[in-house]
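Structure file data-v4.pdb; described as PDB, C-alpha atoms.
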```
ATOM      1  CA  MET A 114      94.429 158.176  92.399
ATOM      2  CA  LYS A 115      97.696 156.315  92.044
ATOM      3  CA  ASN A 116     100.493 157.620  89.844
ATOM      4  CA  THR A 117     104.244 157.159  89.707
ATOM      5  CA  VAL A 118     107.011 159.760  89.779
ATOM      6  CA  LYS A 119     110.709 159.206  89.180
ATOM      7  CA  ILE A 120     112.797 160.183  92.194
ATOM      8  CA  ASP A 121     116.514 159.273  92.233
ATOM      9  CA  SER A 122     115.950 156.737  89.426
ATOM     10  CA  VAL A 123     113.325 154.924  91.506
ATOM     11  CA  LEU A 124     109.635 154.824  90.607
ATOM     12  CA  LYS A 125     107.605 155.674  93.688
ATOM     13  CA  PRO A 126     103.804 155.779  93.818
ATOM     14  CA  THR A 127     102.052 159.035  94.665
ATOM     15  CA  TYR A 128      98.393 159.462  95.549
ATOM     16  CA  HIS A 129      96.315 162.505  94.640
ATOM     17  CA  ARG A 130      92.848 163.416  93.371
ATOM     18  CA  PHE A 131      93.970 165.132  90.187
ATOM     19  CA  HIS A 132      93.876 163.679  86.672
ATOM     20  CA  ILE A 133      97.212 163.832  84.886
ATOM     21  CA  VAL A 134      96.162 163.571  81.253
ATOM     22  CA  ASP A 135      98.109 161.140  79.082
ATOM     23  CA  PRO A 136      99.772 162.461  75.886
ATOM     24  CA  SER A 137      97.132 162.703  73.172
ATOM     25  CA  PRO A 138      97.332 163.351  69.421
ATOM     26  CA  TRP A 139      93.799 164.759  69.228
ATOM     27  CA  PRO A 140      94.529 168.449  69.952
ATOM     28  CA  LEU A 141      96.974 168.513  67.017
ATOM     29  CA  PHE A 142      94.537 166.625  64.781
ATOM     30  CA  ALA A 143      91.714 168.963  65.816
ATOM     31  CA  ALA A 144      93.751 172.054  64.941
ATOM     32  CA  PHE A 145      94.718 170.618  61.536
ATOM     33  CA  SER A 146      91.135 169.560  60.803
ATOM     34  CA  ALA A 147      89.683 172.947  61.752
ATOM     35  CA  PHE A 148      92.310 174.709  59.626
ATOM     36  CA  THR A 149      91.442 172.468  56.663
ATOM     37  CA  MET A 150      87.717 173.203  57.064
ATOM     38  CA  LEU A 151      88.318 176.952  57.370
ATOM     39  CA  GLY A 152      90.627 176.958  54.362
ATOM     40  CA  GLY A 153      88.059 175.081  52.298
ATOM     41  CA  ALA A 154      85.287 177.493  53.301
ATOM     42  CA  THR A 155      87.482 180.478  52.391
ATOM     43  CA  LEU A 156      88.373 179.007  48.997
ATOM     44  CA  TYR A 157      84.714 178.183  48.306
ATOM     45  CA  MET A 158      83.659 181.759  49.087
ATOM     46  CA  HIS A 159      86.256 182.935  46.552
ATOM     47  CA  ARG A 160      84.823 180.514  43.949
ATOM     48  CA  PHE A 161      87.673 178.021  43.834
ATOM     49  CA  GLU A 162      86.464 174.718  42.409
ATOM     50  CA  GLN A 163      87.898 172.449  45.115
ATOM     51  CA  GLY A 164      86.939 174.708  48.011
ATOM     52  CA  LEU A 165      83.673 172.927  48.804
ATOM     53  CA  PHE A 166      85.349 169.500  48.717
ATOM     54  CA  LEU A 167      88.104 170.725  51.039
ATOM     55  CA  PHE A 168      85.510 172.160  53.422
ATOM     56  CA  PHE A 169      83.589 168.886  53.709
ATOM     57  CA  PHE A 170      86.831 166.930  54.007
ATOM     58  CA  GLY A 171      87.857 169.185  56.894
ATOM     59  CA  LEU A 172      84.413 168.788  58.455
ATOM     60  CA  PHE A 173      84.787 165.009  58.211
ATOM     61  CA  LEU A 174      88.174 165.234  59.931
ATOM     62  CA  VAL A 175      86.734 167.458  62.678
ATOM     63  CA  LEU A 176      83.885 165.033  63.396
ATOM     64  CA  THR A 177      86.220 162.028  63.314
ATOM     65  CA  THR A 178      88.688 163.687  65.672
ATOM     66  CA  ALA A 179      85.876 164.710  68.011
ATOM     67  CA  GLY A 180      84.606 161.132  68.057
ATOM     68  CA  PHE A 181      87.960 159.634  68.983
ATOM     69  CA  TRP A 182      88.665 162.363  71.529
ATOM     70  CA  TRP A 183      85.249 161.899  73.089
ATOM     71  CA  ARG A 184      85.877 158.151  73.240
ATOM     72  CA  ASP A 185      89.068 158.713  75.240
ATOM     73  CA  VAL A 186      87.381 161.088  77.684
ATOM     74  CA  VAL A 187      84.473 158.669  78.197
ATOM     75  CA  ARG A 188      86.927 155.845  78.856
ATOM     76  CA  GLU A 189      88.848 157.936  81.392
ATOM     77  CA  ALA A 190      85.661 158.968  83.165
ATOM     78  CA  THR A 191      83.694 155.724  83.079
ATOM     79  CA  PHE A 192      86.132 152.831  83.060
ATOM     80  CA  GLU A 193      89.403 154.201  84.432
ATOM     81  CA  GLY A 194      87.867 156.230  87.257
ATOM     82  CA  GLN A 195      90.065 159.238  86.521
ATOM     83  CA  HIS A 196      87.312 161.784  87.086
ATOM     84  CA  THR A 197      87.282 162.139  90.840
ATOM     85  CA  SER A 198      85.001 164.601  92.623
ATOM     86  CA  LEU A 199      87.732 167.245  92.392
ATOM     87  CA  VAL A 200      88.204 166.656  88.665
ATOM     88  CA  GLN A 201      84.432 166.788  88.099
ATOM     89  CA  GLY A 202      84.260 170.120  89.901
ATOM     90  CA  ASN A 203      87.044 171.513  87.729
ATOM     91  CA  LEU A 204      85.305 170.243  84.578
ATOM     92  CA  ARG A 205      82.069 171.959  85.593
ATOM     93  CA  LEU A 206      83.980 175.167  86.326
ATOM     94  CA  GLY A 207      85.654 174.953  82.930
ATOM     95  CA  MET A 208      82.279 174.517  81.254
ATOM     96  CA  LEU A 209      80.917 177.587  83.037
ATOM     97  CA  PHE A 210      83.876 179.665  81.870
ATOM     98  CA  PHE A 211      83.375 178.342  78.330
ATOM     99  CA  ILE A 212      79.710 179.363  78.363
ATOM    100  CA  LEU A 213      80.735 182.784  79.709
ATOM    101  CA  SER A 214      83.085 183.191  76.740
ATOM    102  CA  GLU A 215      80.206 182.241  74.444
ATOM    103  CA  VAL A 216      78.057 184.942  76.056
ATOM    104  CA  PHE A 217      80.605 187.599  75.091
ATOM    105  CA  PHE A 218      80.895 186.012  71.653
ATOM    106  CA  PHE A 219      77.209 186.702  71.005
ATOM    107  CA  ILE A 220      77.362 190.102  72.705
ATOM    108  CA  GLY A 221      79.768 191.193  69.969
ATOM    109  CA  PHE A 222      77.298 190.260  67.237
ATOM    110  CA  PHE A 223      74.354 191.871  69.019
ATOM    111  CA  TRP A 224      76.484 194.993  69.518
ATOM    112  CA  ALA A 225      77.010 195.189  65.755
ATOM    113  CA  PHE A 226      73.277 194.713  65.170
ATOM    114  CA  PHE A 227      72.231 197.465  67.587
ATOM    115  CA  HIS A 228      74.956 199.797  66.326
ATOM    116  CA  SER A 229      73.582 199.469  62.806
ATOM    117  CA  SER A 230      69.869 199.464  63.640
ATOM    118  CA  LEU A 231      69.627 202.222  66.249
ATOM    119  CA  ALA A 232      71.443 204.734  64.063
ATOM    120  CA  PRO A 233      71.095 203.518  60.455
ATOM    121  CA  SER A 234      73.435 205.281  58.049
ATOM    122  CA  TYR A 235      72.395 207.171  54.930
ATOM    123  CA  ALA A 236      74.086 204.477  52.830
ATOM    124  CA  ILE A 237      71.197 202.122  53.637
ATOM    125  CA  GLY A 238      68.508 204.794  53.402
ATOM    126  CA  GLY A 239      68.592 205.984  57.007
ATOM    127  CA  VAL A 240      65.954 203.411  57.995
ATOM    128  CA  TRP A 241      65.892 199.959  59.511
ATOM    129  CA  PRO A 242      65.395 197.468  57.948
ATOM    130  CA  PRO A 243      67.255 198.992  54.991
ATOM    131  CA  ILE A 244      65.359 199.942  51.851
ATOM    132  CA  GLY A 245      64.767 196.896  49.659
ATOM    133  CA  ILE A 246      64.914 194.381  52.524
ATOM    134  CA  THR A 247      61.781 192.388  53.316
ATOM    135  CA  PRO A 248      62.374 190.876  56.777
ATOM    136  CA  ILE A 249      61.118 187.452  57.778
ATOM    137  CA  ASN A 250      57.738 187.421  59.494
ATOM    138  CA  PRO A 251      58.539 186.772  63.183
ATOM    139  CA  TRP A 252      55.107 185.212  63.819
ATOM    140  CA  SER A 253      55.619 182.307  61.430
ATOM    141  CA  ILE A 254      58.586 179.916  61.598
ATOM    142  CA  PRO A 255      60.575 181.987  64.165
ATOM    143  CA  LEU A 256      57.689 181.847  66.664
ATOM    144  CA  LEU A 257      57.226 178.118  66.025
ATOM    145  CA  ASN A 258      60.954 177.526  66.526
ATOM    146  CA  THR A 259      60.753 179.449  69.793
ATOM    147  CA  PHE A 260      58.114 177.066  71.126
ATOM    148  CA  ILE A 261      60.109 174.080  69.858
ATOM    149  CA  LEU A 262      63.347 175.172  71.512
ATOM    150  CA  LEU A 263      61.704 176.121  74.820
ATOM    151  CA  THR A 264      59.874 172.782  74.846
ATOM    152  CA  SER A 265      63.175 170.995  74.268
ATOM    153  CA  GLY A 266      64.567 172.752  77.335
ATOM    154  CA  ALA A 267      61.612 171.492  79.359
ATOM    155  CA  THR A 268      62.003 167.891  78.158
ATOM    156  CA  LEU A 269      65.735 168.032  78.896
ATOM    157  CA  THR A 270      65.041 169.244  82.428
ATOM    158  CA  TRP A 271      62.548 166.397  82.814
ATOM    159  CA  ALA A 272      65.217 163.913  81.683
ATOM    160  CA  HIS A 273      67.709 165.342  84.179
ATOM    161  CA  HIS A 274      65.345 165.148  87.123
ATOM    162  CA  ALA A 275      64.296 161.640  86.117
ATOM    163  CA  MET A 276      67.914 160.502  86.045
ATOM    164  CA  LYS A 277      68.629 162.059  89.438
ATOM    165  CA  ALA A 278      65.569 160.221  90.757
ATOM    166  CA  GLY A 279      66.827 156.937  89.309
ATOM    167  CA  ILE A 280      64.031 156.597  86.731
ATOM    168  CA  SER A 281      66.088 155.534  83.710
ATOM    169  CA  GLN A 282      63.172 154.972  81.341
ATOM    170  CA  GLU A 283      61.816 158.503  81.773
ATOM    171  CA  ALA A 284      65.314 159.966  81.485
ATOM    172  CA  ARG A 285      65.831 158.229  78.140
ATOM    173  CA  LEU A 286      62.405 159.287  76.901
ATOM    174  CA  GLY A 287      62.946 162.925  77.874
ATOM    175  CA  LEU A 288      66.362 163.044  76.236
ATOM    176  CA  ALA A 289      65.039 161.329  73.078
ATOM    177  CA  LEU A 290      62.266 163.934  72.798
ATOM    178  CA  THR A 291      64.847 166.683  73.228
ATOM    179  CA  LEU A 292      66.900 165.302  70.346
ATOM    180  CA  VAL A 293      63.831 165.085  68.098
ATOM    181  CA  LEU A 294      62.869 168.688  68.873
ATOM    182  CA  ALA A 295      66.443 169.850  68.252
ATOM    183  CA  ILE A 296      66.488 168.211  64.826
ATOM    184  CA  VAL A 297      63.073 169.685  63.951
ATOM    185  CA  PHE A 298      64.307 173.138  64.975
ATOM    186  CA  THR A 299      67.321 172.812  62.674
ATOM    187  CA  LEU A 300      65.175 171.658  59.750
ATOM    188  CA  PHE A 301      62.822 174.619  60.165
ATOM    189  CA  GLN A 302      65.815 176.962  60.332
ATOM    190  CA  PHE A 303      67.138 175.488  57.090
ATOM    191  CA  HIS A 304      63.703 175.896  55.479
ATOM    192  CA  GLU A 305      63.626 179.521  56.598
ATOM    193  CA  TYR A 306      67.026 180.200  55.035
ATOM    194  CA  GLN A 307      65.933 178.644  51.759
ATOM    195  CA  HIS A 308      62.895 180.924  51.483
ATOM    196  CA  ALA A 309      64.464 184.148  52.775
ATOM    197  CA  THR A 310      64.168 187.050  50.333
ATOM    198  CA  PHE A 311      67.628 188.402  51.209
ATOM    199  CA  SER A 312      71.111 186.962  51.629
ATOM    200  CA  ILE A 313      74.164 187.585  53.781
ATOM    201  CA  ALA A 314      75.420 189.965  51.063
ATOM    202  CA  ASP A 315      72.366 192.256  51.318
ATOM    203  CA  SER A 316      73.726 195.201  53.306
ATOM    204  CA  VAL A 317      74.468 195.165  57.015
ATOM    205  CA  TYR A 318      71.026 193.729  57.761
ATOM    206  CA  GLY A 319      71.744 190.515  55.893
ATOM    207  CA  SER A 320      75.228 190.283  57.390
ATOM    208  CA  THR A 321      74.136 190.670  61.006
ATOM    209  CA  PHE A 322      71.019 188.541  60.564
ATOM    210  CA  PHE A 323      72.776 185.523  59.099
ATOM    211  CA  LEU A 324      75.807 185.849  61.368
ATOM    212  CA  ILE A 325      73.700 185.829  64.537
ATOM    213  CA  THR A 326      71.121 183.242  63.477
ATOM    214  CA  GLY A 327      73.735 181.142  61.674
ATOM    215  CA  PHE A 328      76.080 180.977  64.624
ATOM    216  CA  HIS A 329      73.147 180.184  66.887
ATOM    217  CA  GLY A 330      72.166 177.401  64.498
ATOM    218  CA  SER A 331      75.697 176.006  64.584
ATOM    219  CA  HIS A 332      75.509 176.012  68.385
ATOM    220  CA  VAL A 333      72.220 174.105  68.150
ATOM    221  CA  ILE A 334      73.898 171.480  65.945
ATOM    222  CA  ILE A 335      76.858 171.179  68.334
ATOM    223  CA  GLY A 336      74.486 170.922  71.296
ATOM    224  CA  THR A 337      72.505 168.238  69.455
ATOM    225  CA  LEU A 338      75.689 166.187  68.964
ATOM    226  CA  PHE A 339      76.531 166.737  72.637
ATOM    227  CA  LEU A 340      73.124 165.451  73.708
ATOM    228  CA  ALA A 341      73.303 162.542  71.234
ATOM    229  CA  VAL A 342      76.524 161.349  72.871
ATOM    230  CA  CYS A 343      74.871 161.698  76.281
ATOM    231  CA  PHE A 344      71.891 159.701  75.028
ATOM    232  CA  TYR A 345      74.206 156.893  73.904
ATOM    233  CA  ARG A 346      75.971 156.964  77.267
ATOM    234  CA  LEU A 347      72.624 156.923  79.028
ATOM    235  CA  LEU A 348      71.663 153.800  77.078
ATOM    236  CA  GLN A 349      74.981 152.226  78.100
ATOM    237  CA  SER A 350      74.363 153.095  81.789
ATOM    238  CA  HIS A 351      77.482 155.273  81.995
ATOM    239  CA  PHE A 352      75.749 157.833  84.211
ATOM    240  CA  THR A 353      74.722 157.503  87.835
ATOM    241  CA  ARG A 354      72.566 159.723  89.987
ATOM    242  CA  ASN A 355      75.648 161.414  91.470
ATOM    243  CA  HIS A 356      78.163 161.048  88.636
ATOM    244  CA  HIS A 357      76.947 162.597  85.365
ATOM    245  CA  THR A 358      79.155 165.617  84.759
ATOM    246  CA  GLY A 359      79.078 165.190  80.984
ATOM    247  CA  PHE A 360      75.289 165.195  80.941
ATOM    248  CA  LEU A 361      75.160 168.190  83.278
ATOM    249  CA  CYS A 362      77.500 170.186  81.029
ATOM    250  CA  ALA A 363      75.326 169.312  78.022
ATOM    251  CA  ILE A 364      72.264 170.536  79.904
ATOM    252  CA  TRP A 365      73.930 173.847  80.757
ATOM    253  CA  TYR A 366      75.010 174.319  77.172
ATOM    254  CA  TRP A 367      71.519 173.607  75.840
ATOM    255  CA  HIS A 368      69.871 176.026  78.250
ATOM    256  CA  PHE A 369      72.399 178.645  77.155
ATOM    257  CA  VAL A 370      71.318 178.023  73.540
ATOM    258  CA  ASP A 371      67.680 178.433  74.635
ATOM    259  CA  ILE A 372      68.362 181.767  76.303
ATOM    260  CA  VAL A 373      70.294 183.110  73.334
ATOM    261  CA  TRP A 374      67.403 182.200  71.040
ATOM    262  CA  ILE A 375      64.984 184.234  73.168
ATOM    263  CA  PHE A 376      67.179 187.298  72.568
ATOM    264  CA  VAL A 377      67.461 186.409  68.877
ATOM    265  CA  PHE A 378      63.688 186.165  68.490
ATOM    266  CA  CYS A 379      62.901 189.302  70.489
ATOM    267  CA  PHE A 380      65.528 191.608  68.976
ATOM    268  CA  ILE A 381      66.479 190.192  65.564
ATOM    269  CA  TYR A 382      63.146 188.845  64.336
ATOM    270  CA  TRP A 383      60.572 190.931  66.174
ATOM    271  CA  TRP A 384      62.040 194.302  67.150
ATOM    272  CA  GLY A 385      64.540 194.376  64.273
ATOM    273  CA  SER A 386      61.864 193.901  61.637
TER     274      SER A 386
END
```
I need this file expressed as structure tokens, please.
Amino acid sequence: MKNTVKIDSVLKPTYHRFHIVDPSPWPLFAAFSAFTMLGGATLYMHRFEQGLFLFFFGLFLVLTTAGFWWRDVVREATFEGQHTSLVQGNLRLGMLFFILSEVFFFIGFFWAFFHSSLAPSYAIGGVWPPIGITPINPWSIPLLNTFILLTSGATLTWAHHAMKAGISQEARLGLALTLVLAIVFTLFQFHEYQHATFSIADSVYGSTFFLITGFHGSHVIIGTLFLAVCFYRLLQSHFTRNHHTGFLCAIWYWHFVDIVWIFVFCFIYWWGS
């Protein structure tokens, strides 16, 4: 890569394999947007009238900022050639560390669940689930969602192998099926929430249940957006057999979501009920 450095008031070219990122407004915009969304959610939970509007306005800003930021990264990777093999390796390493941080994120919630369920306090009747809680039947929608999510992982793997083999049509078909299954999973999750007989305010069971499944659902939505961008880039022929770091990171993230759901189904829905 060619860059310039100022030495003794003279611009001299330097060559290296690193990507020196240009100044960008998007980190500042992202922080402001996330703060606006969080503030709106907090106000809405405390029954302020404009809280819901502020939340959706912040969400709109977050999505808009993500779109512009993603556009810049795609341009740097695809058209400017900034993502050399060294940069791609560092991006993959960063994604692995991010997923590792997400693992510990969910460990904290599972820790709270096991702490409350293995030794239930007298305040909730000394039993688990607490008295008055009717848990969701794990062999209905949760089991169906398990098959849907595991199938989406299989179709995504098919799309990846097809792309590495140079079969673009199969890669697009596999990724399209993955997106459809992801959307169906989210719709079933929403249906389940609507018909649940308890809420997040119903003792520690409701709190841990909706925190774990809700955060997993938000990860599914984020992963769906990630894959949707990859699908668009696949249609635009941005990926090659040897240069598809963005798609690879999306695949890792989606498989992580799959694995977390297996633990959610086994311990939250089945064993916890």
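Proximity ranking of A:Ala190, A:Cys362, A:Ile244, A:Leu347 relative to Gln282 in chain A places A:Leu347 first, based on all atoms listed in the file.
With all atoms listed in the file as the atoms that count, the residue of A:Gln201, A:Pro243, A:Met276, A:Ala284 with the shortest distance to Leu231 in chain A is A:Pro243.
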On this structure, the PyMOL selection byres ((chain A and resi 334) around 12) would catch which residues? List them as a PDB file with C-alpha atoms, in the frame of the given file, sorted by chain and number.
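Result went into part_30.pdb, see below:
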```
ATOM      1  CA  LEU A 292      66.900 165.302  70.346  1.00  0.00           C
ATOM      2  CA  LEU A 294      62.869 168.688  68.873  1.00  0.00           C
ATOM      3  CA  ALA A 295      66.443 169.850  68.252  1.00  0.00           C
ATOM      4  CA  ILE A 296      66.488 168.211  64.826  1.00  0.00           C
ATOM      5  CA  VAL A 297      63.073 169.685  63.951  1.00  0.00           C
ATOM      6  CA  PHE A 298      64.307 173.138  64.975  1.00  0.00           C
ATOM      7  CA  THR A 299      67.321 172.812  62.674  1.00  0.00           C
ATOM      8  CA  LEU A 300      65.175 171.658  59.750  1.00  0.00           C
ATOM      9  CA  GLN A 302      65.815 176.962  60.332  1.00  0.00           C
ATOM     10  CA  PHE A 303      67.138 175.488  57.090  1.00  0.00           C
ATOM     11  CA  GLY A 327      73.735 181.142  61.674  1.00  0.00           C
ATOM     12  CA  PHE A 328      76.080 180.977  64.624  1.00  0.00           C
ATOM     13  CA  HIS A 329      73.147 180.184  66.887  1.00  0.00           C
ATOM     14  CA  GLY A 330      72.166 177.401  64.498  1.00  0.00           C
ATOM     15  CA  SER A 331      75.697 176.006  64.584  1.00  0.00           C
ATOM     16  CA  HIS A 332      75.509 176.012  68.385  1.00  0.00           C
ATOM     17  CA  VAL A 333      72.220 174.105  68.150  1.00  0.00           C
ATOM     18  CA  ILE A 335      76.858 171.179  68.334  1.00  0.00           C
ATOM     19  CA  GLY A 336      74.486 170.922  71.296  1.00  0.00           C
ATOM     20  CA  THR A 337      72.505 168.238  69.455  1.00  0.00           C
ATOM     21  CA  LEU A 338      75.689 166.187  68.964  1.00  0.00           C
ATOM     22  CA  PHE A 339      76.531 166.737  72.637  1.00  0.00           C
ATOM     23  CA  LEU A 340      73.124 165.451  73.708  1.00  0.00           C
ATOM     24  CA  ALA A 341      73.303 162.542  71.234  1.00  0.00           C
ATOM     25  CA  TYR A 366      75.010 174.319  77.172  1.00  0.00           C
ATOM     26  CA  TRP A 367      71.519 173.607  75.840  1.00  0.00           C
ATOM     27  CA  VAL A 370      71.318 178.023  73.540  1.00  0.00           C
TER      28      VAL A 370
END
```
Would you place a box with edges along x, y and z of the file around all atoms of range 162-167 of chain A listed there, add 5 Å to each of its six sides, and report the centre and edge lengths in Å to one decimal, as AutoDock Vina command-line options?
```
--center_x 85.9 --center_y 172.1 --center_z 46.7 --size_x 14.4 --size_y 15.2 --size_z 18.6
```
Rank nothing, just name the residue among A:Pro138, A:Gly359, A:Pro255, A:Gly287 nearest to Ile375 in chain A, using only C-alpha atoms.
-> A:Pro255
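With the shown file loaded, the PyMOL selection byres ((chain A and resi 249-253) around 8) picks out Thr247, Pro248, Ile254, Pro255, Leu256, Leu257, Ala309, Phe378, Tyr382, Trp383 and Ser386 of chain A.
Around the point (85.0, 171.5, 52.9), within 8 Å and counting only C-alpha atoms, we find these residues: Thr149, Met150, Leu151, Gly152, Gly153, Ala154, Gly164, Leu165, Phe166, Leu167, Phe168, Phe169, Phe170, Gly171 and Leu172 of chain A.
From CA of Phe161 in chain A back to CA of Val317 in chain A, the distance works out to 25.3 Å.
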